[in-house]
Structure formats: C-alpha cells, structure tokens
Amino acid sequence: MQTRTLRLGDKEILVVDGLVDEQRVGEIDSFCRQLAFQRIRYSYRDSAEAPMQYGHQWLHLVTQEETARLPIRELRAFVDERFADRGLSPSRAHLSCIQPGDSRFAHIDDATGRVLTAVYFVNQTWARDWAGELVFFNGDEASLAVFPRPGRVVLFDGTTLHRGGVPSLSAGDVRFALAHKFMAKG
C-alpha cells in the first residue's frame, strides 16, 4: 500500500493506492455495474455560508447487505487506524455514476468540520485521457486534481471544496466512485 499526503493550503488530502488488491478491484467494478442507479435531485453548497443549490446525479445508496461486496471493511479499518485520535464513526455511503457530458458542481460535504470523506475509485480500467479527475479548489481556483486510478482512495476533510470529475466525451466508460463519510462525535 502506498500513501501520499498532498497539501491544499492548510488542508491535507490523503491519496492511498493498493488498499485493495487488483483482483478485488475487478470484483468491485463488476458488482457495481450490476446495481441500479437512480437519477436524483440533490442539494449542495460551496461554503458553509452559501445558499443551497440543486443539481442531478446518478446515485445508488449502499445497503447493509452490499457492504461486503464493496471496500467498506477496508476503508473503515484504514480510517480507524490512521485517524484513531479523531473518534470517527462510519456514516452514510453511496455510489455515484458520472457519465460523459454530465454536470458536476463544486461543493463541500460538511459545514461543521466533523466529517471525513473517503472516495474510492471503482473502475478497474481508466485511461489518462478520459479525464474524470477529482478536483479540489482553493477559493475559486482549481488547485489540485487527483486522477481516478483504479482502486485509489482519496480522503479529505468534508469542508474541503471539491468537484467529482466528469469523463470526457471520448471516454470509454462511465466513472463510478464510492463515497463513504465518517463522522466525529460531538
């Protein structure tokens, strides 16, 4: 397993490769392609003070029965070990499916500073020119992009402004990602 820490102003973005082995990456990809996704209307905002805005995305809420087929156990074990001092408890998890040409918006996952977000890139194959990077912002500037390498995990504070990348129109696939939130007590 390889772990890198990237800096974005005073925030840290943790990038983890190899949390799950290559065979399991393939099994997770195959499983996600069998799931039903719904196009939902969701609310988002780009800061704690900003008004809510609305968009649409393809989403699948992870059920308890599905957790064993997804890297939930591995994510929870990693967070428990790496962030033991923060007292984080697993919260909600969902899968997103981003199609070429979709719209995605910069947003925060949390305004309280109590949420840690873990994003797992599901696709077993992803070509560099397909785009789809997870983009982090410093103010209005896109300052950091993380490539959706198969099986990669990106962990960050929920107050970090970010946008899930849209695959290019020439991409050979949709981009699947598992987002799992962890909540600090208090």
# chains A, B, ... in the order shown; residues from 1 in each chain; ligands from 1
>>> residues_around(residues="Arg33 in chain A", least_positions_apart="4", cutoff="10 Å", atoms="only C-alpha atoms", output="PDB file with N, CA and C atoms, in the first residue's frame")
ATOM      1  N   ILE A  28     -15.107  -5.629  -7.438  1.00  0.00           N
ATOM      2  CA  ILE A  28     -15.906  -4.474  -7.020  1.00  0.00           C
ATOM      3  C   ILE A  28     -16.487  -3.776  -8.245  1.00  0.00           C
ATOM      4  N   ASP A  29     -15.669  -3.585  -9.276  1.00  0.00           N
ATOM      5  CA  ASP A  29     -16.129  -2.968 -10.525  1.00  0.00           C
ATOM      6  C   ASP A  29     -17.296  -3.769 -11.104  1.00  0.00           C
ATOM      7  N   PHE A  37     -28.964   2.350 -10.424  1.00  0.00           N
ATOM      8  CA  PHE A  37     -28.703   3.743 -10.074  1.00  0.00           C
ATOM      9  C   PHE A  37     -29.941   4.558 -10.412  1.00  0.00           C
ATOM     10  N   CYS A  97     -22.403   7.466 -10.302  1.00  0.00           N
ATOM     11  CA  CYS A  97     -22.094   7.076 -11.674  1.00  0.00           C
ATOM     12  C   CYS A  97     -22.105   8.364 -12.499  1.00  0.00           C
ATOM     13  N   VAL A 122     -13.865   3.217  -8.394  1.00  0.00           N
ATOM     14  CA  VAL A 122     -14.329   1.855  -8.624  1.00  0.00           C
ATOM     15  C   VAL A 122     -13.797   1.230  -9.911  1.00  0.00           C
ATOM     16  N   ASN A 123     -13.728   1.998 -10.991  1.00  0.00           N
ATOM     17  CA  ASN A 123     -13.422   1.417 -12.304  1.00  0.00           C
ATOM     18  C   ASN A 123     -12.125   0.624 -12.305  1.00  0.00           C
ATOM     19  N   PHE A 176     -17.377   5.419 -12.003  1.00  0.00           N
ATOM     20  CA  PHE A 176     -18.020   5.039 -10.751  1.00  0.00           C
ATOM     21  C   PHE A 176     -17.122   5.451  -9.590  1.00  0.00           C
TER      22      PHE A 176
END
>>> residues_around(residues="Arg45 in chain A", least_positions_apart="6", cutoff="10 Å", atoms="only C-alpha atoms", output="list in words")
Pro51, Met52, Gln53, Tyr54, Phe105, Ala106, His107, Ile108, Asp109, Asp110, Ala111 and Leu161 of chain A
>>> closest_residue(among="A:Ala84, A:Ala171, A:Val62, A:Leu116", to="Pro100 in chain A", atoms="only C-alpha atoms")
A:Ala171
>>> residues_around(residues="range 177-180 of chain A", least_positions_apart="6", cutoff="10 Å", atoms="only C-alpha atoms", output="mmCIF file with C-alpha atoms, in the first residue's frame")
data_model
loop_
_atom_site.group_PDB
_atom_site.id
_atom_site.type_symbol
_atom_site.label_atom_id
_atom_site.label_comp_id
_atom_site.auth_asym_id
_atom_site.auth_seq_id
_atom_site.Cartn_x
_atom_site.Cartn_y
_atom_site.Cartn_z
ATOM 1 C CA ASP A 29 -16.129 -2.968 -10.525
ATOM 2 C CA CYS A 32 -21.156 -2.020 -9.180
ATOM 3 C CA LEU A 59 -26.714 7.588 -7.320
ATOM 4 C CA HIS A 60 -27.013 4.254 -5.539
ATOM 5 C CA LEU A 61 -27.345 4.228 -1.740
ATOM 6 C CA VAL A 62 -25.281 1.372 -0.313
ATOM 7 C CA LEU A 70 -17.627 -3.166 -1.624
ATOM 8 C CA PRO A 71 -14.375 -1.972 0.027
ATOM 9 C CA ILE A 72 -16.277 -0.719 3.082
ATOM 10 C CA LEU A 75 -11.978 1.792 4.278
ATOM 11 C CA ARG A 76 -13.231 1.522 7.849
ATOM 12 C CA PRO A 90 -18.863 5.311 9.802
ATOM 13 C CA SER A 91 -21.786 7.243 8.384
ATOM 14 C CA ARG A 92 -23.506 7.027 5.026
ATOM 15 C CA ALA A 93 -22.050 5.523 1.857
ATOM 16 C CA HIS A 94 -23.212 5.857 -1.724
ATOM 17 C CA LEU A 95 -22.036 5.075 -5.229
ATOM 18 C CA SER A 96 -22.104 7.673 -7.948
ATOM 19 C CA CYS A 97 -22.094 7.076 -11.674
ATOM 20 C CA ILE A 98 -20.828 10.010 -13.726
ATOM 21 C CA LEU A 116 -14.044 12.905 6.855
ATOM 22 C CA THR A 117 -14.854 11.899 3.270
ATOM 23 C CA ALA A 118 -13.333 8.829 1.634
ATOM 24 C CA VAL A 119 -13.714 8.440 -2.140
ATOM 25 C CA TYR A 120 -12.858 5.070 -3.695
ATOM 26 C CA PHE A 121 -12.470 4.976 -7.493
ATOM 27 C CA VAL A 122 -14.329 1.855 -8.624
ATOM 28 C CA ASN A 123 -13.422 1.417 -12.304
ATOM 29 C CA PRO A 148 -9.194 8.307 -10.768
ATOM 30 C CA PRO A 150 -8.429 2.047 -10.325
ATOM 31 C CA GLY A 151 -8.796 1.198 -6.631
ATOM 32 C CA ARG A 152 -7.396 4.546 -5.456
ATOM 33 C CA VAL A 153 -8.795 6.108 -2.286
ATOM 34 C CA VAL A 154 -8.790 9.843 -1.562
ATOM 35 C CA LEU A 155 -9.534 11.051 1.978
ATOM 36 C CA GLY A 164 -16.214 14.999 -8.928
#
>>> closest_residue(among="A:Val174, A:Leu88, A:Val115, A:Val79", to="Ala127 in chain A", atoms="only C-alpha atoms")
A:Val174
>>> select_by_dssp(residues="range 76-123 of chain A", states="alpha helix (DSSP H)", output="list in words")
Arg76, Ala77, Phe78, Val79, Asp80, Glu81 and Arg82 of chain A
>>> select_by_dssp(residues="range 74-181 of chain A", states="strand (DSSP E)", output="PyMOL selection string")
chain A and resi 88-98+115-121+134-138+141-146+153-157+162-163+175-181
>>> closest_residue(among="A:Val146, A:Ala68, A:Met183, A:Ala50", to="Arg128 in chain A", atoms="only C-alpha atoms")
A:Val146
>>> atom_distance(atom1="CA of Trp58 in chain A", atom2="CA of Ile40 in chain A")
6.3 Å
>>> closest_residue(among="A:Phe83, A:Phe182, A:Tyr44, A:Phe31", to="Arg69 in chain A", atoms="only C-alpha atoms")
A:Phe31
>>> closest_residue(among="A:Phe156, A:Trp126, A:Phe147, A:Tyr42", to="Leu8 in chain A", atoms="only C-alpha atoms")
A:Phe156
>>> closest_residue(among="A:Arg175, A:Lys185, A:His162, A:Arg104", to="Asp46 in chain A", atoms="only C-alpha atoms")
A:His162
>>> decode(residues="range 26-71 of chain A", atoms="C-alpha atoms", output="PDB file, in the first residue's frame")
ATOM      1  CA  GLY A  26     -12.108  -6.115 -10.586  1.00  0.00           C
ATOM      2  CA  GLU A  27     -14.742  -7.819  -8.432  1.00  0.00           C
ATOM      3  CA  ILE A  28     -15.906  -4.474  -7.020  1.00  0.00           C
ATOM      4  CA  ASP A  29     -16.129  -2.968 -10.525  1.00  0.00           C
ATOM      5  CA  SER A  30     -18.195  -5.939 -11.786  1.00  0.00           C
ATOM      6  CA  PHE A  31     -20.515  -5.763  -8.782  1.00  0.00           C
ATOM      7  CA  CYS A  32     -21.156  -2.020  -9.180  1.00  0.00           C
ATOM      8  CA  ARG A  33     -22.127  -2.471 -12.827  1.00  0.00           C
ATOM      9  CA  GLN A  34     -24.988  -4.759 -11.714  1.00  0.00           C
ATOM     10  CA  LEU A  35     -26.514  -2.224  -9.319  1.00  0.00           C
ATOM     11  CA  ALA A  36     -29.481   0.019 -10.044  1.00  0.00           C
ATOM     12  CA  PHE A  37     -28.703   3.743 -10.074  1.00  0.00           C
ATOM     13  CA  GLN A  38     -31.356   6.452  -9.805  1.00  0.00           C
ATOM     14  CA  ARG A  39     -31.088   9.974 -11.147  1.00  0.00           C
ATOM     15  CA  ILE A  40     -31.812  12.081  -8.085  1.00  0.00           C
ATOM     16  CA  ARG A  41     -32.123  15.784  -7.370  1.00  0.00           C
ATOM     17  CA  TYR A  42     -29.677  16.763  -4.644  1.00  0.00           C
ATOM     18  CA  SER A  43     -28.734  19.884  -2.763  1.00  0.00           C
ATOM     19  CA  TYR A  44     -25.225  21.245  -2.473  1.00  0.00           C
ATOM     20  CA  ARG A  45     -23.388  24.385  -1.459  1.00  0.00           C
ATOM     21  CA  ASP A  46     -19.862  25.627  -1.955  1.00  0.00           C
ATOM     22  CA  SER A  47     -19.346  27.016   1.546  1.00  0.00           C
ATOM     23  CA  ALA A  48     -20.973  26.957   4.967  1.00  0.00           C
ATOM     24  CA  GLU A  49     -22.434  30.416   4.335  1.00  0.00           C
ATOM     25  CA  ALA A  50     -23.652  29.814   0.769  1.00  0.00           C
ATOM     26  CA  PRO A  51     -27.292  29.138  -0.047  1.00  0.00           C
ATOM     27  CA  MET A  52     -28.273  25.655  -1.161  1.00  0.00           C
ATOM     28  CA  GLN A  53     -28.299  24.972  -4.881  1.00  0.00           C
ATOM     29  CA  TYR A  54     -29.631  21.958  -6.714  1.00  0.00           C
ATOM     30  CA  GLY A  55     -28.381  19.532  -9.318  1.00  0.00           C
ATOM     31  CA  HIS A  56     -28.949  15.979 -10.524  1.00  0.00           C
ATOM     32  CA  GLN A  57     -26.756  12.906 -10.350  1.00  0.00           C
ATOM     33  CA  TRP A  58     -26.911   9.140 -10.789  1.00  0.00           C
ATOM     34  CA  LEU A  59     -26.714   7.588  -7.320  1.00  0.00           C
ATOM     35  CA  HIS A  60     -27.013   4.254  -5.539  1.00  0.00           C
ATOM     36  CA  LEU A  61     -27.345   4.228  -1.740  1.00  0.00           C
ATOM     37  CA  VAL A  62     -25.281   1.372  -0.313  1.00  0.00           C
ATOM     38  CA  THR A  63     -27.322  -1.124   1.696  1.00  0.00           C
ATOM     39  CA  GLN A  64     -26.020  -3.140   4.640  1.00  0.00           C
ATOM     40  CA  GLU A  65     -26.195  -6.309   2.516  1.00  0.00           C
ATOM     41  CA  GLU A  66     -23.938  -4.727  -0.149  1.00  0.00           C
ATOM     42  CA  THR A  67     -21.134  -3.640   2.185  1.00  0.00           C
ATOM     43  CA  ALA A  68     -19.266  -6.963   1.989  1.00  0.00           C
ATOM     44  CA  ARG A  69     -19.092  -6.682  -1.817  1.00  0.00           C
ATOM     45  CA  LEU A  70     -17.627  -3.166  -1.624  1.00  0.00           C
ATOM     46  CA  PRO A  71     -14.375  -1.972   0.027  1.00  0.00           C
TER      47      PRO A  71
END
